[in-house]
>>> print(open('model_12.txt').read())   # compact mmCIF, C-alpha atoms
# COMPACT_ATOMS: atom_id res chain seq x y z
CA MET A 1377 18.39 -1.70 -6.31
CA LEU A 1378 19.48 -3.31 -3.05
CA VAL A 1379 22.52 -5.51 -3.63
CA LYS A 1380 25.00 -7.56 -1.64
CA THR A 1381 28.34 -5.78 -1.94
CA ASP A 1382 30.14 -7.56 0.90
CA PRO A 1383 29.14 -11.25 1.15
CA ASP A 1384 31.32 -11.79 4.24
CA ALA A 1385 29.93 -8.90 6.31
CA GLN A 1386 28.55 -9.69 9.77
CA PRO A 1387 25.79 -9.21 10.66
CA ARG A 1388 24.75 -10.01 7.10
CA HIS A 1389 22.59 -6.94 6.53
CA ARG A 1390 25.68 -4.74 6.81
CA GLY A 1391 26.92 -6.11 3.51
CA MET A 1392 24.05 -4.58 1.53
CA SER A 1393 24.25 -1.36 -0.45
CA MET A 1394 21.78 0.69 -2.44
CA LEU A 1395 22.60 1.45 -6.07
CA ILE A 1396 20.90 3.43 -8.80
CA ALA A 1397 21.61 1.67 -12.09
CA GLN A 1398 20.55 2.80 -15.53
CA THR A 1399 18.73 0.03 -17.35
CA ARG A 1400 18.64 2.04 -20.58
CA ASP A 1401 21.14 4.38 -22.15
CA PRO A 1402 19.64 7.88 -21.63
CA LYS A 1403 20.65 8.95 -25.16
CA THR A 1404 20.24 5.86 -27.34
CA ARG A 1405 17.57 4.16 -25.16
CA GLU A 1406 19.45 0.90 -25.68
CA ILE A 1407 19.56 -1.73 -22.93
CA PRO A 1408 23.14 -2.04 -21.60
CA PRO A 1409 25.01 -5.36 -21.42
CA GLY A 1410 24.06 -7.51 -18.46
CA VAL A 1411 20.48 -6.25 -18.24
CA THR A 1412 17.51 -8.30 -19.39
CA ARG A 1413 13.90 -7.26 -19.42
CA GLY A 1414 11.30 -9.94 -18.89
CA ARG A 1415 7.55 -10.07 -19.13
CA LYS A 1416 5.04 -7.59 -17.84
CA LEU A 1417 3.24 -9.28 -14.95
CA PRO A 1418 -0.58 -9.33 -15.05
CA LYS A 1419 -2.18 -8.34 -11.74
CA LEU A 1420 -5.53 -8.46 -10.00
CA GLY A 1421 -5.54 -4.71 -9.40
CA TYR A 1422 -3.32 -1.62 -9.46
CA ARG A 1423 -3.14 -1.93 -13.21
CA GLY A 1424 -2.29 1.75 -13.62
CA ILE A 1425 1.25 0.92 -12.44
CA ASP A 1426 3.16 -1.67 -14.46
CA THR A 1427 4.99 -4.47 -12.69
CA GLY A 1428 7.56 -6.38 -14.70
CA GLU A 1429 10.65 -8.58 -14.54
CA ILE A 1430 14.16 -7.26 -14.86
CA GLY A 1431 17.35 -9.28 -14.52
CA PHE A 1432 21.03 -8.52 -13.97
CA SER A 1433 23.83 -10.89 -14.96
CA ASP A 1434 27.48 -9.82 -15.04
CA PHE A 1435 26.23 -6.24 -14.93
CA HIS A 1436 28.87 -3.63 -14.11
CA CYS A 1437 28.25 -0.15 -12.77
CA ASP A 1438 30.52 2.58 -11.43
CA ALA A 1439 30.11 2.61 -7.67
CA ALA A 1440 31.21 6.24 -7.51
CA LEU A 1441 28.26 7.16 -9.71
CA CYS A 1442 25.69 4.57 -8.66
CA LEU A 1443 26.15 4.24 -4.89
CA VAL A 1444 23.40 5.93 -2.90
CA GLY A 1445 24.95 7.85 -0.03
CA GLU A 1446 28.63 8.15 0.70
CA GLU A 1447 29.10 4.89 2.58
CA GLU A 1448 28.89 1.29 1.41
CA GLY A 1449 26.89 -1.19 3.48
CA ARG A 1450 24.01 1.06 4.50
CA GLY A 1451 21.51 -0.20 1.95
CA PHE A 1452 19.47 -2.26 4.37
CA LEU A 1453 19.01 0.72 6.69
CA MET A 1454 17.99 2.88 3.75
CA ALA A 1455 15.41 0.34 2.65
CA THR A 1456 13.89 -0.20 6.10
CA GLY A 1457 14.13 3.51 6.92
CA GLY A 1458 11.49 4.19 4.31
CA LEU A 1459 8.99 1.75 5.76
CA GLU A 1460 7.45 4.15 8.26
CA ILE A 1461 6.58 6.84 5.73
CA GLY A 1462 5.66 4.07 3.30
CA ARG A 1463 3.12 2.70 5.74
CA VAL A 1464 1.61 6.13 6.28
CA ASN A 1465 1.42 6.46 2.50
CA VAL A 1466 -0.31 3.10 2.07
CA ALA A 1467 -2.70 3.95 4.90
CA ALA A 1468 -3.62 7.19 3.12
CA ARG A 1469 -4.31 5.23 -0.05
CA GLY A 1470 -6.59 2.99 1.98
CA VAL A 1471 -8.48 6.06 3.14
CA GLY A 1472 -8.84 7.13 -0.47
CA ILE A 1473 -10.37 3.82 -1.50
CA ALA A 1474 -12.72 3.79 1.50
CA ARG A 1475 -13.82 7.37 0.85
CA ARG A 1476 -14.61 6.70 -2.80
CA ALA A 1477 -16.45 3.47 -2.05
CA LEU A 1478 -18.48 5.19 0.67
CA LYS A 1479 -19.32 8.17 -1.53
CA GLU A 1480 -20.40 5.98 -4.44
CA SER A 1481 -22.46 3.76 -2.14
CA ALA A 1482 -24.27 6.65 -0.46
CA ALA A 1483 -25.19 8.14 -3.82
CA TYR A 1484 -26.25 4.84 -5.37
CA ALA A 1485 -28.37 3.88 -2.36
CA GLN A 1486 -30.41 7.05 -2.81
CA THR A 1487 -31.17 6.41 -6.48
CA ARG A 1488 -31.49 2.63 -6.63
CA GLN A 1489 -35.01 1.57 -5.66
CA SER A 1490 -36.32 -1.66 -4.22
CA MET A 1491 -39.78 -2.46 -2.89
CA GLY A 1492 -40.97 0.93 -4.10
CA LYS A 1493 -38.42 3.10 -2.29
CA PRO A 1494 -34.67 3.95 -2.41
CA ILE A 1495 -32.59 1.22 -0.84
CA ALA A 1496 -31.07 3.87 1.47
CA GLN A 1497 -34.37 3.70 3.35
CA HIS A 1498 -33.94 -0.01 4.06
CA GLN A 1499 -32.46 -0.75 7.46
CA ALA A 1500 -30.04 -3.38 6.11
CA ILE A 1501 -28.41 -0.78 3.83
CA GLN A 1502 -28.40 1.84 6.59
CA LEU A 1503 -26.49 -0.54 8.85
CA LYS A 1504 -23.85 -0.99 6.17
CA LEU A 1505 -23.51 2.73 5.40
CA GLY A 1506 -23.30 3.64 9.08
CA GLU A 1507 -20.45 1.23 9.76
CA MET A 1508 -18.65 2.17 6.54
CA ALA A 1509 -18.81 5.87 7.43
CA ALA A 1510 -17.55 5.39 10.99
CA LYS A 1511 -14.62 3.17 9.99
CA THR A 1512 -13.64 5.50 7.15
CA ARG A 1513 -13.55 8.49 9.48
CA ALA A 1514 -11.57 6.53 12.09
CA SER A 1515 -9.06 5.64 9.36
CA GLU A 1516 -8.71 9.30 8.41
CA LEU A 1517 -7.92 10.26 11.99
CA LEU A 1518 -5.36 7.48 12.43
CA VAL A 1519 -3.57 8.54 9.23
CA GLU A 1520 -3.55 12.18 10.32
CA ASP A 1521 -2.16 11.16 13.70
CA ALA A 1522 0.60 9.08 12.10
CA ALA A 1523 1.51 11.84 9.64
CA ARG A 1524 1.80 14.44 12.40
CA ALA A 1525 3.95 12.07 14.48
CA TYR A 1526 6.23 11.48 11.49
CA ASP A 1527 6.59 15.23 10.90
CA ARG A 1528 7.66 15.69 14.52
CA GLY A 1529 10.57 13.30 13.97
CA GLY A 1530 11.58 10.16 15.84
CA ARG A 1531 10.24 6.64 15.44
CA VAL A 1532 6.58 6.21 14.60
CA ASP A 1533 6.34 2.42 14.33
CA LEU A 1534 3.27 2.40 16.56
CA GLU A 1535 1.38 5.22 14.87
CA ALA A 1536 2.26 4.13 11.33
CA GLY A 1537 1.46 0.50 12.12
CA MET A 1538 -1.96 1.33 13.55
CA ALA A 1539 -2.83 3.60 10.63
CA LYS A 1540 -1.65 1.10 8.03
CA TRP A 1541 -3.43 -1.87 9.60
CA PHE A 1542 -6.76 -0.19 10.30
CA ALA A 1543 -7.03 1.96 7.17
CA THR A 1544 -6.18 -0.83 4.74
CA GLU A 1545 -8.45 -3.36 6.40
CA THR A 1546 -11.16 -0.71 6.32
CA ALA A 1547 -10.53 -0.08 2.63
CA PHE A 1548 -11.10 -3.75 1.87
CA GLU A 1549 -14.17 -3.99 4.11
CA VAL A 1550 -15.78 -0.82 2.74
CA ALA A 1551 -15.07 -1.84 -0.87
CA THR A 1552 -16.62 -5.24 -0.17
CA GLU A 1553 -19.70 -3.70 1.43
CA ALA A 1554 -19.99 -1.32 -1.52
CA MET A 1555 -20.01 -4.33 -3.81
CA ARG A 1556 -22.92 -5.75 -1.81
CA ILE A 1557 -24.83 -2.47 -1.90
CA PHE A 1558 -24.40 -2.17 -5.67
CA GLY A 1559 -25.32 -5.81 -6.14
CA ALA A 1560 -24.75 -7.08 -9.68
CA ASN A 1561 -23.92 -3.53 -10.83
CA GLY A 1562 -20.94 -3.53 -8.48
CA TYR A 1563 -19.52 -6.47 -10.43
CA SER A 1564 -19.82 -4.56 -13.69
CA LYS A 1565 -17.03 -2.41 -15.10
CA GLU A 1566 -19.63 0.29 -15.78
CA TYR A 1567 -19.24 1.29 -12.13
CA PRO A 1568 -16.02 2.05 -10.17
CA ILE A 1569 -16.73 -0.40 -7.36
CA GLU A 1570 -15.13 -3.41 -9.06
CA ARG A 1571 -11.85 -1.51 -9.41
CA LEU A 1572 -11.87 -0.42 -5.76
CA TYR A 1573 -12.61 -4.02 -4.80
CA ARG A 1574 -9.58 -5.22 -6.83
CA ASP A 1575 -7.20 -2.49 -5.70
CA ALA A 1576 -7.83 -2.77 -1.96
CA PRO A 1577 -6.18 -6.18 -1.25
CA LEU A 1578 -2.71 -4.99 -2.30
CA LEU A 1579 -2.71 -2.41 0.50
CA ILE A 1580 -3.17 -5.16 3.08
CA ILE A 1581 0.01 -6.83 1.81
CA GLY A 1582 2.27 -3.94 0.80
CA GLU A 1583 4.80 -2.22 3.10
CA GLY A 1584 4.58 -5.13 5.53
CA THR A 1585 1.60 -7.43 5.91
CA ASN A 1586 -1.14 -6.51 8.34
CA GLU A 1587 -0.29 -9.55 10.42
CA MET A 1588 3.16 -8.01 10.93
CA GLN A 1589 1.63 -4.61 11.72
CA ARG A 1590 -0.22 -6.04 14.68
CA ILE A 1591 2.99 -7.54 16.03
CA ILE A 1592 4.78 -4.20 15.61
CA ILE A 1593 1.94 -2.38 17.35
CA ALA A 1594 2.05 -4.74 20.30
CA ARG A 1595 5.84 -4.61 20.65
CA GLN A 1596 5.90 -0.81 20.52
CA LEU A 1597 3.03 -0.59 22.97
CA VAL A 1598 4.96 -2.69 25.47
CA ALA A 1599 8.22 -0.81 24.82
CA ARG A 1600 6.56 2.56 25.40
CA ASN A 1601 4.73 1.43 28.53
CA PRO A 1602 7.21 -0.58 30.62
CA ALA A 1603 5.82 -2.17 33.76
>>> encode(input="model_12.txt", output="structure tokens")
Amino acid sequence: MLVKTDPDAQPRHRGMSMLIAQTRDPKTREIPPGVTRGRKLPKLGYRGIDTGEIGFSDFHCDAALCLVGEEEGRGFLMATGGLEIGRVNVAARGVGIARRALKESAAYAQTRQSMGKPIAQHQAIQLKLGEMAAKTRASELLVEDAARAYDRGGRVDLEAGMAKWFATETAFEVATEAMRIFGANGYSKEYPIERLYRDAPLLIIGEGTNEMQRIIIARQLVARNPA
């Protein structure tokens, strides 16, 4: 957890430290004093990962055992330092959602019939599939580019921001178009489309909103290409 260990530090972020605190005794599984567990939070999507409340009040931990790193006050840098790889990760998840939605849609369009022929032969569906395929492939390439840049070292705000923004927006768009292609069946839990449709929005928000990504992209673009 990221905590304020020096309230008087200036600038203020220098007073934050990262701690690893045990919320259960590893042997007895009992909750230690000062820790409270709240309710499990219901969510639109991403139900495979639980999200719940946890509180700390007069909770004591041994800094020598719990402090991450050897120096106090570096918690903020640790937290923000993981954002670049986190954005690449979220972008890759967006690619996964887009790929699955595209694959399911292409298969369904060849078996579902309307007006005496598979809907894949209707121009309206072809237009959707064509755009879904192109955007999914573009997302893949942006994620690969960002991952390679990260492996080379150095800052990758620009590459990670572009991958995160485009891939997650694509995931949402492709999942939405898949819902349209499946029609009422896409709204049914008998098919995977409704889950993809629910899971996609979180990626747009997580690891920095996509509104922020566009600002980061623009700032890095200007910084890398001074007039």
>>> axis_aligned_box(input="model_12.txt", around="region 1404-1408 of chain A", padding_each_side="5 Å", output="AutoDock Vina command-line options")
--center_x 20.4 --center_y 1.9 --center_z -24.5 --size_x 15.6 --size_y 17.9 --size_z 15.7
>>> closest_residue(input="model_12.txt", among="A:Val1464, A:Leu1597, A:Ala1482, A:Ala1496", to="Arg1524 (chain A)", atoms="only C-alpha atoms")
A:Val1464
>>> closest_residue(input="model_12.txt", among="A:Ser1393, A:Ser1490, A:Gln1398, A:Gln1497", to="Val1444 (chain A)", atoms="all atoms listed in the file")
A:Ser1393
>>> atom_distance(input="model_12.txt", atom1="CA of Phe1435 (chain A)", atom2="CA of Pro1408 (chain A)")
8.5 Å
>>> atom_distance(input="model_12.txt", atom1="CA of Gly1445 (chain A)", atom2="CA of Phe1432 (chain A)")
21.9 Å
>>> atom_distance(input="model_12.txt", atom1="CA of Gly1530 (chain A)", atom2="CA of Glu1446 (chain A)")
22.9 Å
>>> residues_around(input="model_12.txt", residues="Ile1557 (chain A)", least_positions_apart="3", cutoff="8 Å", atoms="only C-alpha atoms", output="VMD selection string")
chain A and resid 1481 1485 1501 1553 to 1554 1562
